[in-house]
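Asker: Before I ask anything, here is the structure I am working with.
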Amino acid sequence: MAYLSDIEIAQRCQMKPISEIAAAAHVGEEYLEHYGKYKAKVDLSLLKETRRPDGKLILVTAITPTPAGEGKTTTTIGLADGLRRIGKDVTVALREPSLGPVFGIKGGAAGGGYAQVVPMEDINLHFTGDFHAIGAANNLLAAMLDNHIQQGNELGIDVKKITWKRCVDMNDRQLRNVVDGLGGRLQGVPREDGFDITVASEIMAVLCLSESISDLKERLARIIVGYTYDDQPVTCGQLKAQGAMAALLKDALKPNLVQTLEGTPAFVHGGPFANIAHGCNSVIATRMALKMGDYAVTEAGFGADLGAEKFLDIKCRMAGLTPNAVVIVATIRALKMHGGLEKSALGEENLEALERGLPNLLRHVSNIRDVYRLPCVVAVNQFPTDSAAETGFLIEKCREQGVRAVLSTVWSEGGAGGEALAREVVRLCEEEKGDFTFSYVDDMTLSEKIEAIVTRIYRGAGVQILPAAQKQLDRLMELGYGGLPVCMAKTQYSFSDDPGKLGAPDDFIVTVRNVKISAGAGFVVALTGEIMTMPGLPKRPAAEQIDVDENGVISGLF
């Protein structure tokens, strides 16, 4: 059977004018700023002026990702469409895709099959320009920092202790480490520098956690860009850059409104990666989705040990949010891969491999249910190669562990394939009350918070903090940042910091090799293993297959 590609399905969709979508989301025309026929930004004043109560918040997360695919964003969108089909007033809140994965190996982040947000090409490419604004604000700060040094260095900044990097929204390993300022006295001060991908920039995190223009400016001013010769932090506020940066970001701070293939309102805003950043769409978009729907469905990046942990321990802590239910997406293919099968063998029935891989799912379930104390359901994202025996085995094993597993066919059937999942989510929201708690408390030391995440969420044996990282942690404690939450930068492919350890490994040690402060965002980043903040392109990047014809029709996006 021949299947249409994601982009072919999206291009055949008869989209509704964005004003109709806004009306369905209870957003008045006076709050819309149109970006063509099918996209709009929503003015922040809506949150102040609406009298609608908050709806129910549903978080969609997943098992540890594999090359077999899990379909978390697809499930998020299909669940929202399913809720709408059973008569619920629903909105969905998602992150914006980064151009790095779009042109790299992972592809876009607009869903798949018959569960997508549209216009898919726009969302996956430039969209409304938010990422360009974030990159410009990041690089303005870098330029003002270097200019300050060039113009006499009144603050006494040590060029060997500069922590702020430039950024570009592209996978470009060539820019990880550079030397700039070459060419003589008038061309700048020569120094080692580097680039992060835009989604790893602290500006992205600041934008996604800010709740107003004034909050944005305060957070920007707190950003630490480096240290003086006597080891005192230097901030963006000392460089007087926060006002101009906020001016660049004022429109980017407004959430973007688009639609699913079935016309469900979707707020798509912000896009930090979950393996190197906090992995959630903006607080403002989530609040707007909650106000504009009786049910708001949102997702957090990669597996539950990364995206869900950061959603719950960072975003919910800062914004005062509490999910009413959590959906954990799993596929039989991915679980068999966690059970030791090669990707080429996943199409064959293999209950033994499925059973070996099942502990990965059950560990995520246990974390959500027993650590965070939230009601959850497993969404079994069905693939055509899944056998009835495999599906029945997975559902029964989940039942034995006290969690329901519901078959989801949203990729092939859209919202109709998400109705059963939608009904279970409604039941969880109405009948099961959580007792939400964090995985660590604020008054722990930074080292203790790191260890709590590793031992309670990853289920590792402990943490090895390298001497240089421990020195950084000690200094941050001295500077008064000990009360901040921790954002773990870790491979997405394993509970451990070794991407080769699939399934549910134990007795492993996580190595923290570097620590940095994101004072504006309000968290401390702990870098583990070989994680990098600037990815590279694969041998055969997706960009090789992307094209556009004489009529402007794009092909090859997925």
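Convention: chains lettered A, B, ... in structure tokens order; per-chain residue numbering from 1; ligands numbered from 1 as shown.
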Can you write out as CSV which residues of segment 311-423 of chain A fall within 12 Å of segment 253-271 of chain A, alongside each residue's closest atom pair and its distance in Å to one decimal, counting only C-alpha atoms and ordering rows by chain and ascending residue number?
Answerer:
residue,atom,partner,partner_atom,distance
A:Val410,CA,A:Leu261,CA,11.6
A:Trp411,CA,A:Leu261,CA,11.6
A:Glu413,CA,A:Glu262,CA,11.2
A:Gly414,CA,A:Glu262,CA,8.0
A:Gly415,CA,A:Glu262,CA,7.6
A:Ala416,CA,A:Glu262,CA,10.4
Asker: Using C-alpha atoms, can you export the residues from the last selection as a PDB file, in the first residue's frame?
Answerer:
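Printed below is again_3.pdb as written:
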ATOM      1  CA  VAL A 410      -3.759   8.964  14.819  1.00  0.00           C
ATOM      2  CA  TRP A 411      -0.964   8.780  12.218  1.00  0.00           C
ATOM      3  CA  GLU A 413      -6.679   8.037  10.963  1.00  0.00           C
ATOM      4  CA  GLY A 414      -6.205  11.474  12.494  1.00  0.00           C
ATOM      5  CA  GLY A 415      -8.541  12.445  15.310  1.00  0.00           C
ATOM      6  CA  ALA A 416     -10.732   9.370  14.779  1.00  0.00           C
TER       7      ALA A 416
END
Asker: Would you list, as a PyMOL selection string, the residues of segment 473-537 of chain A that end up in strand (DSSP E or B) under DSSP run on this structure's backbone?
Answerer: chain A and resi 486-489+509-518+523-528
Asker: Generate the output file for the selected residues, N, CA and C atoms, as a PDB file, in the first residue's frame.
Answerer:
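Dumped to part-v4.pdb:
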ATOM      1  N   VAL A 486      17.796  22.619  38.358  1.00  0.00           N
ATOM      2  CA  VAL A 486      18.872  22.138  37.494  1.00  0.00           C
ATOM      3  C   VAL A 486      18.296  21.652  36.170  1.00  0.00           C
ATOM      4  N   CYS A 487      18.952  22.042  35.081  1.00  0.00           N
ATOM      5  CA  CYS A 487      18.589  21.586  33.733  1.00  0.00           C
ATOM      6  C   CYS A 487      19.692  20.653  33.248  1.00  0.00           C
ATOM      7  N   MET A 488      19.382  19.365  33.142  1.00  0.00           N
ATOM      8  CA  MET A 488      20.375  18.377  32.761  1.00  0.00           C
ATOM      9  C   MET A 488      20.521  18.316  31.240  1.00  0.00           C
ATOM     10  N   ALA A 489      21.758  18.480  30.766  1.00  0.00           N
ATOM     11  CA  ALA A 489      22.058  18.304  29.344  1.00  0.00           C
ATOM     12  C   ALA A 489      22.615  16.897  29.178  1.00  0.00           C
ATOM     13  N   ILE A 509      26.874   5.257  36.397  1.00  0.00           N
ATOM     14  CA  ILE A 509      27.265   6.546  36.971  1.00  0.00           C
ATOM     15  C   ILE A 509      27.160   7.607  35.882  1.00  0.00           C
ATOM     16  N   VAL A 510      26.510   8.706  36.179  1.00  0.00           N
ATOM     17  CA  VAL A 510      26.435   9.839  35.248  1.00  0.00           C
ATOM     18  C   VAL A 510      27.570  10.807  35.571  1.00  0.00           C
ATOM     19  N   THR A 511      28.322  11.172  34.544  1.00  0.00           N
ATOM     20  CA  THR A 511      29.459  12.070  34.725  1.00  0.00           C
ATOM     21  C   THR A 511      29.084  13.493  34.311  1.00  0.00           C
ATOM     22  N   VAL A 512      29.207  14.428  35.241  1.00  0.00           N
ATOM     23  CA  VAL A 512      28.978  15.851  34.953  1.00  0.00           C
ATOM     24  C   VAL A 512      30.349  16.483  34.694  1.00  0.00           C
ATOM     25  N   ARG A 513      30.554  16.946  33.464  1.00  0.00           N
ATOM     26  CA  ARG A 513      31.873  17.460  33.092  1.00  0.00           C
ATOM     27  C   ARG A 513      31.940  18.982  33.072  1.00  0.00           C
ATOM     28  N   ASN A 514      30.779  19.618  33.015  1.00  0.00           N
ATOM     29  CA  ASN A 514      30.768  21.073  32.937  1.00  0.00           C
ATOM     30  C   ASN A 514      29.450  21.587  33.506  1.00  0.00           C
ATOM     31  N   VAL A 515      29.486  22.779  34.058  1.00  0.00           N
ATOM     32  CA  VAL A 515      28.284  23.409  34.608  1.00  0.00           C
ATOM     33  C   VAL A 515      28.272  24.855  34.155  1.00  0.00           C
ATOM     34  N   LYS A 516      27.082  25.348  33.787  1.00  0.00           N
ATOM     35  CA  LYS A 516      26.979  26.768  33.444  1.00  0.00           C
ATOM     36  C   LYS A 516      25.691  27.327  34.024  1.00  0.00           C
ATOM     37  N   ILE A 517      25.720  28.604  34.304  1.00  0.00           N
ATOM     38  CA  ILE A 517      24.566  29.279  34.888  1.00  0.00           C
ATOM     39  C   ILE A 517      23.752  29.964  33.808  1.00  0.00           C
ATOM     40  N   SER A 518      22.457  29.725  33.810  1.00  0.00           N
ATOM     41  CA  SER A 518      21.527  30.484  32.977  1.00  0.00           C
ATOM     42  C   SER A 518      20.703  31.345  33.929  1.00  0.00           C
ATOM     43  N   PHE A 523      17.900  28.838  35.816  1.00  0.00           N
ATOM     44  CA  PHE A 523      18.318  27.494  36.157  1.00  0.00           C
ATOM     45  C   PHE A 523      19.805  27.308  35.902  1.00  0.00           C
ATOM     46  N   VAL A 524      20.346  26.217  36.451  1.00  0.00           N
ATOM     47  CA  VAL A 524      21.746  25.856  36.277  1.00  0.00           C
ATOM     48  C   VAL A 524      21.813  24.654  35.344  1.00  0.00           C
ATOM     49  N   VAL A 525      22.643  24.722  34.311  1.00  0.00           N
ATOM     50  CA  VAL A 525      22.759  23.646  33.326  1.00  0.00           C
ATOM     51  C   VAL A 525      23.943  22.755  33.683  1.00  0.00           C
ATOM     52  N   ALA A 526      23.685  21.456  33.795  1.00  0.00           N
ATOM     53  CA  ALA A 526      24.738  20.474  34.043  1.00  0.00           C
ATOM     54  C   ALA A 526      24.939  19.657  32.779  1.00  0.00           C
ATOM     55  N   LEU A 527      26.131  19.745  32.194  1.00  0.00           N
ATOM     56  CA  LEU A 527      26.415  19.039  30.945  1.00  0.00           C
ATOM     57  C   LEU A 527      27.057  17.693  31.254  1.00  0.00           C
ATOM     58  N   THR A 528      26.464  16.636  30.700  1.00  0.00           N
ATOM     59  CA  THR A 528      26.924  15.275  30.987  1.00  0.00           C
ATOM     60  C   THR A 528      27.423  14.598  29.721  1.00  0.00           C
TER      61      THR A 528
END
Asker: Show which residues sit within 12 Å of Gln242 of chain A, as a compact mmCIF listing (two decimals) with N, CA and C atoms, in the first residue's frame. Count only C-alpha atoms, and ignore same-chain residues fewer than 2 positions away.
Answerer:
# COMPACT_ATOMS: atom_id res chain seq x y z
N ALA A 137 18.86 38.79 18.91
CA ALA A 137 19.03 39.30 20.28
C ALA A 137 20.28 38.68 20.92
N ASN A 138 20.46 37.38 20.72
CA ASN A 138 21.64 36.70 21.25
C ASN A 138 22.92 37.33 20.71
N LEU A 140 23.30 40.28 19.24
CA LEU A 140 23.46 41.69 19.65
C LEU A 140 24.20 41.75 20.98
N LEU A 141 23.83 40.89 21.91
CA LEU A 141 24.52 40.86 23.20
C LEU A 141 25.99 40.50 23.02
N MET A 144 27.74 43.57 21.62
CA MET A 144 27.92 44.62 22.61
C MET A 144 28.98 44.24 23.65
N ILE A 203 18.67 32.80 25.46
CA ILE A 203 17.59 33.71 25.04
C ILE A 203 16.33 32.92 24.73
N VAL A 206 14.84 32.06 28.06
CA VAL A 206 14.28 33.28 28.65
C VAL A 206 12.94 33.61 28.02
N ILE A 213 6.53 41.54 28.97
CA ILE A 213 7.68 42.31 28.49
C ILE A 213 8.58 42.71 29.66
N SER A 214 7.98 43.13 30.77
CA SER A 214 8.80 43.54 31.92
C SER A 214 9.56 42.35 32.49
N ASP A 215 8.91 41.19 32.57
CA ASP A 215 9.59 39.99 33.04
C ASP A 215 10.72 39.62 32.09
N LEU A 216 10.47 39.75 30.79
CA LEU A 216 11.49 39.48 29.78
C LEU A 216 12.71 40.36 30.00
N LYS A 217 12.50 41.66 30.19
CA LYS A 217 13.64 42.57 30.38
C LYS A 217 14.41 42.27 31.66
N GLU A 218 13.69 41.92 32.71
CA GLU A 218 14.37 41.58 33.97
C GLU A 218 15.22 40.33 33.81
N ARG A 219 14.68 39.34 33.11
CA ARG A 219 15.44 38.11 32.89
C ARG A 219 16.66 38.36 32.01
N LEU A 220 16.47 39.14 30.95
CA LEU A 220 17.59 39.45 30.07
C LEU A 220 18.71 40.16 30.84
N ALA A 221 18.33 41.08 31.70
CA ALA A 221 19.33 41.85 32.45
C ALA A 221 20.15 40.94 33.37
N ARG A 222 19.56 39.83 33.83
CA ARG A 222 20.25 38.93 34.76
C ARG A 222 21.23 37.97 34.08
N ILE A 223 21.19 37.88 32.77
CA ILE A 223 22.05 36.94 32.05
C ILE A 223 23.52 37.24 32.36
N ILE A 224 24.27 36.21 32.68
CA ILE A 224 25.71 36.34 32.93
C ILE A 224 26.47 36.02 31.64
N THR A 235 27.00 40.95 33.86
CA THR A 235 25.65 40.68 33.36
C THR A 235 25.31 41.52 32.13
N CYS A 236 24.29 41.06 31.45
CA CYS A 236 23.72 41.80 30.32
C CYS A 236 23.28 43.19 30.77
N GLY A 237 22.73 43.29 31.99
CA GLY A 237 22.30 44.59 32.50
C GLY A 237 23.45 45.57 32.64
N GLN A 238 24.63 45.06 33.04
CA GLN A 238 25.80 45.95 33.16
C GLN A 238 26.24 46.47 31.79
N LEU A 239 25.97 45.70 30.76
CA LEU A 239 26.30 46.13 29.39
C LEU A 239 25.19 46.99 28.78
N LYS A 240 24.09 47.16 29.52
CA LYS A 240 22.94 47.98 29.09
C LYS A 240 22.35 47.48 27.77
N ALA A 244 17.42 46.97 24.20
CA ALA A 244 17.47 46.74 22.76
C ALA A 244 17.14 45.29 22.43
N MET A 245 17.60 44.36 23.28
CA MET A 245 17.28 42.96 23.05
C MET A 245 15.78 42.71 23.17
N ALA A 246 15.16 43.32 24.17
CA ALA A 246 13.71 43.17 24.34
C ALA A 246 12.96 43.77 23.16
N ALA A 247 13.49 44.86 22.61
CA ALA A 247 12.86 45.47 21.42
C ALA A 247 12.87 44.49 20.25
N LEU A 248 13.97 43.74 20.10
CA LEU A 248 14.04 42.73 19.05
C LEU A 248 13.07 41.58 19.31
N LEU A 249 12.76 41.33 20.58
CA LEU A 249 11.97 40.15 20.96
C LEU A 249 10.50 40.45 21.23
N LYS A 250 10.09 41.70 21.14
CA LYS A 250 8.73 42.06 21.58
C LYS A 250 7.65 41.33 20.79
N GLY A 520 19.40 34.28 33.66
CA GLY A 520 18.20 34.91 33.12
C GLY A 520 17.03 33.94 33.06
Asker: List every residue of segment 350-434 of chain A that DSSP, applied to the backbone of this structure, places in alpha helix (DSSP H), and write the result as number ranges by chain.
Answerer: A: 351-366, 388-400, 410-413, 419-431
Asker: Using only C-alpha atoms, determine which residues lie at most 12 Å from Leu99 of chain A, disregarding the query and same-chain residues fewer than 4 positions distant; provide the list as a PyMOL selection string.
Answerer: chain A and resi 103-109+121-127+129+131-132+168-172+197-199+271+273+535+537+541-543+557
Asker: When you count only C-alpha atoms, which of these residues is closest to Asp443 of chain A: A:Ala334, A:Gly135, A:Cys316, A:Gly483?
Answerer: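 Smallest separation from Asp443 of chain A among the options: A:Gly483.
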Asker: Using only C-alpha atoms, find the one residue out of A:Gly503, A:Val329, A:Cys13, A:Glu192 that sits nearest to Arg176 of chain A.
Answerer: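 Residue with the minimum atom-to-atom distance to Arg176 of chain A: A:Glu192.
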Asker: Leaving out Glu432 of chain A and any residue of its chain fewer than 5 positions from it, which residues lie within 9 Å of it when counting only C-alpha atoms, given as a ChimeraX atom specification?
Answerer: /A:324-325,374-375,427
Asker: Can you work out the spacing between atom CA of Tyr31 of chain A and atom CA of Gly55 of chain A in Å, to one decimal?
Answerer: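 Separation of atom CA of Tyr31 of chain A and atom CA of Gly55 of chain A: 20.2 Å.
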Asker: For Val403 of chain A, list every protein, DNA or RNA residue within 12 Å, evaluated using only C-alpha atoms, and leave out those in the same chain fewer than 5 positions away; present the list as JSON, numbers by chain.
Answerer: {"A": [326, 327, 328, 361, 362, 364, 365, 366, 368, 369, 370, 374, 375, 376, 377, 378, 379, 394, 395, 396, 397, 398, 424, 428]}
Asker: For each of A:Gly460, A:Gly156, A:Pro119, A:Gly418, take the minimum atom-to-atom distance to Gly78 of chain A, counting only C-alpha atoms, then give the residue where this is smallest.
Answerer: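 Among the listed residues, A:Gly418 lies closest to Gly78 of chain A.
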Asker: Could you jot down the atom CA of Glu299 of chain A to atom CA of Asp54 of chain A separation for me, Å, one decimal place?
Answerer: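 Calculated distance between atom CA of Glu299 of chain A and atom CA of Asp54 of chain A is 17.7 Å.
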Asker: Quick one: which segment 13-108 of chain A residues come within 10 Å of segment 274-292 of chain A, and what is the nearest atom pair for each with the distance in Å to one decimal, counting only C-alpha atoms, rows ordered by chain and ascending number, as CSV?
Answerer:
residue,atom,partner,partner_atom,distance
A:Ala22,CA,A:Met292,CA,9.5
A:Ala24,CA,A:Met292,CA,8.9
A:Ala25,CA,A:Met292,CA,5.4
A:His26,CA,A:Met292,CA,5.9
A:Val27,CA,A:Met292,CA,7.4
A:Val42,CA,A:Met288,CA,9.2
A:Leu44,CA,A:Ile284,CA,8.1
A:Leu46,CA,A:Met288,CA,8.1
A:Leu47,CA,A:Met288,CA,6.5
A:Thr50,CA,A:Lys291,CA,7.7
A:Arg51,CA,A:Lys291,CA,8.4
A:Arg52,CA,A:Lys291,CA,5.8
A:Pro53,CA,A:Lys291,CA,6.0
A:Asp54,CA,A:Lys291,CA,4.8
A:Gly55,CA,A:Leu290,CA,4.9
A:Lys56,CA,A:Leu290,CA,6.9
A:Leu57,CA,A:Leu290,CA,6.8
A:Ile58,CA,A:Leu290,CA,9.9
A:Asp89,CA,A:Met292,CA,8.5
A:Val90,CA,A:Met292,CA,7.9
A:Thr91,CA,A:Ala289,CA,5.6
A:Val92,CA,A:Ala289,CA,6.5
A:Ala93,CA,A:Thr286,CA,6.0
A:Leu94,CA,A:Asn281,CA,5.7
A:Arg95,CA,A:Asn281,CA,4.6
A:Glu96,CA,A:Asn281,CA,7.7
